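Notes follow once the structure below has been shown.
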Amino acid sequence: MNIFNSECRSLMNILVHSSKRAYYLNSINLYSSEMIMNDKKYFSEGEALRLITDCGNELQKLESNIKSGKYGGKSLIEYSIFDGLNENPGCVRPKGFEKQCELRQFNEFYTKELSESPVDYMIVEYLNKFNEFINNEVENHNYNQNKSSDILQMLTDISTNPYIKLFHDLSEDIIGHIEQINELGTTYLIKYAHFYSNISLIYHFICSVFIVVTFYIFVTRNFKKQLRVMDQLTNIIFIIPPNLYNLSPKIKNFIFNGKLN
């Protein structure tokens, strides 16, 4: 059971925290677009920058903790079930979304080599570009969202911004890895849950048999032996005539009280 605690529970813990990376990636994608939109209807002045900075810091902290093994005693790369994702994974997408790989559009920032790298490397590059993005002064726009021309210009500025485009493209690759990690990890946990469940049943069966055998050897046999002795004494008592043991107070006391005195 110690193996179950150290292996399976640790893996469950690290999978939960690994999945949180998708939340921070999507949040950064949202706030990076908001920094271009500068929509004061929903965000106060400088709020988008503060929120995106917080998300980036949390993602960096989370990634460091995952690599150091804080959540499970070891990092994801130390689990053999993820070897295929840690070496040359190629384009990774969950089942049903494989065609997204064909829709990728590469550029100077977002290259094929980067897109098909292990997830740890992609997150490092993502965070590097994130730091560049928030440290560079973002051009302040004042779009009139009641004018179609301004809305079109706003969408164009967002979609053509190299950093924002990289965030969206690279986050899809990273989230594809995260979902694949969850799938492999879940399959592994189900397999070992059944295995350790069977081990537990066998262990309890052996213990039950041991208890029964021990009870028979050390309790039942002695109990039967004492019953035989009592049966023989009872037979002897009924063989002795009453007038005979009445003549001897010691024998009478022994028969009735089990004592010679």
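In the structure tokens, chains take letters A, B, ... by order of appearance, with residues numbered from 1 within each chain and ligands from 1 in the order shown.
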Need to verify the contact set: A:Glu172, 9 Å, only C-alpha atoms, exclusion of same-chain residues closer than 5 positions in sequence. Can you return it as a ChimeraX atom specification? /A:93,167,177
Determine, counting only C-alpha atoms, which protein, DNA and RNA residues have an atom within 7 Å of an atom of stretch 130-146 of chain A; residues of the same chain fewer than 2 positions away are not included. Present the result as JSON, numbers by chain. {"A": [36, 37, 38, 126, 127, 128, 148, 150, 151, 154, 163]}
Based on DSSP run over this structure's backbone, return all residues of stretch 9-59 of chain A in alpha helix (DSSP H), as a count of residues only. 41
Skip A:Gly46 itself and residues of its chain fewer than 3 positions away, then list as a VMD selection string all residues within 12 Å of it, counting only C-alpha atoms. chain A and resid 31 34 to 36 38 to 40 42 to 43 49 to 53 134 138 140
Can you spit out the residues from that selection as a PDB file, in the first residue's frame, using N, CA and C atoms?
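This is the output file result_22.pdb:
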```pdb
ATOM      1  N   TYR A  31      -6.101  38.225 -21.596  1.00  0.00           N
ATOM      2  CA  TYR A  31      -5.657  39.544 -21.141  1.00  0.00           C
ATOM      3  C   TYR A  31      -4.686  40.201 -22.121  1.00  0.00           C
ATOM      4  N   GLU A  34      -6.817  41.916 -24.457  1.00  0.00           N
ATOM      5  CA  GLU A  34      -7.432  43.066 -23.796  1.00  0.00           C
ATOM      6  C   GLU A  34      -6.470  44.244 -23.711  1.00  0.00           C
ATOM      7  N   MET A  35      -5.179  43.963 -23.610  1.00  0.00           N
ATOM      8  CA  MET A  35      -4.208  45.055 -23.562  1.00  0.00           C
ATOM      9  C   MET A  35      -4.189  45.836 -24.873  1.00  0.00           C
ATOM     10  N   ILE A  36      -4.537  45.172 -25.971  1.00  0.00           N
ATOM     11  CA  ILE A  36      -4.642  45.870 -27.256  1.00  0.00           C
ATOM     12  C   ILE A  36      -5.992  46.581 -27.362  1.00  0.00           C
ATOM     13  N   ASN A  38      -8.001  47.575 -24.947  1.00  0.00           N
ATOM     14  CA  ASN A  38      -8.101  48.684 -23.984  1.00  0.00           C
ATOM     15  C   ASN A  38      -9.569  49.059 -23.743  1.00  0.00           C
ATOM     16  N   ASP A  39     -10.362  48.020 -23.489  1.00  0.00           N
ATOM     17  CA  ASP A  39     -11.796  48.220 -23.295  1.00  0.00           C
ATOM     18  C   ASP A  39     -12.060  48.633 -21.844  1.00  0.00           C
ATOM     19  N   LYS A  40     -12.267  49.900 -21.627  1.00  0.00           N
ATOM     20  CA  LYS A  40     -12.462  50.427 -20.277  1.00  0.00           C
ATOM     21  C   LYS A  40     -13.856  50.148 -19.730  1.00  0.00           C
ATOM     22  N   TYR A  42     -14.994  47.141 -19.324  1.00  0.00           N
ATOM     23  CA  TYR A  42     -14.874  45.950 -18.489  1.00  0.00           C
ATOM     24  C   TYR A  42     -13.626  45.962 -17.607  1.00  0.00           C
ATOM     25  N   PHE A  43     -12.605  46.702 -18.006  1.00  0.00           N
ATOM     26  CA  PHE A  43     -11.360  46.739 -17.246  1.00  0.00           C
ATOM     27  C   PHE A  43     -10.961  48.187 -16.987  1.00  0.00           C
ATOM     28  N   LEU A  49      -3.026  44.694 -17.525  1.00  0.00           N
ATOM     29  CA  LEU A  49      -1.598  44.439 -17.323  1.00  0.00           C
ATOM     30  C   LEU A  49      -1.355  43.769 -15.980  1.00  0.00           C
ATOM     31  N   ARG A  50      -2.053  44.223 -14.959  1.00  0.00           N
ATOM     32  CA  ARG A  50      -1.885  43.620 -13.636  1.00  0.00           C
ATOM     33  C   ARG A  50      -2.342  42.164 -13.639  1.00  0.00           C
ATOM     34  N   LEU A  51      -3.472  41.897 -14.269  1.00  0.00           N
ATOM     35  CA  LEU A  51      -4.008  40.538 -14.300  1.00  0.00           C
ATOM     36  C   LEU A  51      -3.116  39.592 -15.102  1.00  0.00           C
ATOM     37  N   ILE A  52      -2.639  40.080 -16.242  1.00  0.00           N
ATOM     38  CA  ILE A  52      -1.799  39.212 -17.069  1.00  0.00           C
ATOM     39  C   ILE A  52      -0.453  38.952 -16.394  1.00  0.00           C
ATOM     40  N   THR A  53       0.043  39.948 -15.663  1.00  0.00           N
ATOM     41  CA  THR A  53       1.296  39.767 -14.926  1.00  0.00           C
ATOM     42  C   THR A  53       1.124  38.739 -13.815  1.00  0.00           C
ATOM     43  N   ILE A 134       5.135  41.843 -21.923  1.00  0.00           N
ATOM     44  CA  ILE A 134       4.701  42.772 -20.869  1.00  0.00           C
ATOM     45  C   ILE A 134       5.756  43.834 -20.577  1.00  0.00           C
ATOM     46  N   VAL A 138       3.177  48.558 -24.778  1.00  0.00           N
ATOM     47  CA  VAL A 138       2.105  48.245 -25.722  1.00  0.00           C
ATOM     48  C   VAL A 138       1.460  49.546 -26.190  1.00  0.00           C
ATOM     49  N   ASN A 140      -1.015  52.192 -27.055  1.00  0.00           N
ATOM     50  CA  ASN A 140      -2.329  52.453 -26.484  1.00  0.00           C
ATOM     51  C   ASN A 140      -3.302  52.886 -27.584  1.00  0.00           C
TER      52      ASN A 140
END
```
For a test of reading the model, state the distance in Å between atom CA of A:Ile199 and atom CA of A:Gly185, rounded to one decimal.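 Atom-to-atom, atom CA of A:Ile199 and atom CA of A:Gly185 are spaced 20.7 Å apart.
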Which residues, written as a PyMOL selection string, have at least one atom at most 9 Å from A:Ile123, with only C-alpha atoms counted and residues fewer than 5 positions away on the same chain left out? chain A and resi 60+63+118+128+170-171+174
Those same residues - N, CA and C atoms - I'd like them written as an mmCIF file, in the first residue's frame.
```
data_model
loop_
_atom_site.group_PDB
_atom_site.id
_atom_site.type_symbol
_atom_site.label_atom_id
_atom_site.label_comp_id
_atom_site.auth_asym_id
_atom_site.auth_seq_id
_atom_site.Cartn_x
_atom_site.Cartn_y
_atom_site.Cartn_z
ATOM 1 N N GLN A 60 4.622 30.665 -13.977
ATOM 2 C CA GLN A 60 6.047 30.427 -13.750
ATOM 3 C C GLN A 60 6.270 29.666 -12.442
ATOM 4 N N GLU A 63 5.033 26.035 -12.856
ATOM 5 C CA GLU A 63 5.951 25.244 -13.675
ATOM 6 C C GLU A 63 7.202 24.863 -12.888
ATOM 7 N N PRO A 118 9.075 19.126 -26.734
ATOM 8 C CA PRO A 118 8.471 18.688 -25.466
ATOM 9 C C PRO A 118 7.800 19.859 -24.757
ATOM 10 N N ASN A 128 9.181 33.147 -21.907
ATOM 11 C CA ASN A 128 10.164 34.130 -22.391
ATOM 12 C C ASN A 128 9.483 35.201 -23.243
ATOM 13 N N LEU A 170 0.891 28.637 -29.540
ATOM 14 C CA LEU A 170 1.703 27.791 -28.667
ATOM 15 C C LEU A 170 0.875 27.213 -27.522
ATOM 16 N N SER A 171 -0.102 27.957 -27.052
ATOM 17 C CA SER A 171 -0.953 27.435 -25.975
ATOM 18 C C SER A 171 -1.760 26.231 -26.456
ATOM 19 N N ILE A 174 0.616 23.355 -26.155
ATOM 20 C CA ILE A 174 0.855 23.007 -24.749
ATOM 21 C C ILE A 174 -0.364 22.311 -24.152
#
```
Would you work out the distance separating atom CA of A:Leu114 from atom CA of A:Lys95, expressed in Å to one decimal?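 Distance between the two atoms: 21.4 Å.
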Can you pull out every residue within 10 Å of A:Val16, counting only C-alpha atoms, but drop anything in the same chain fewer than 5 positions away, and send it as a PyMOL selection string? chain A and resi 11+21+71+182
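Shortest separation to A:Ser27 among A:Phe210, A:Glu58, A:Asn88, A:Ile66 occurs at residue A:Glu58, atoms counted being only C-alpha atoms.
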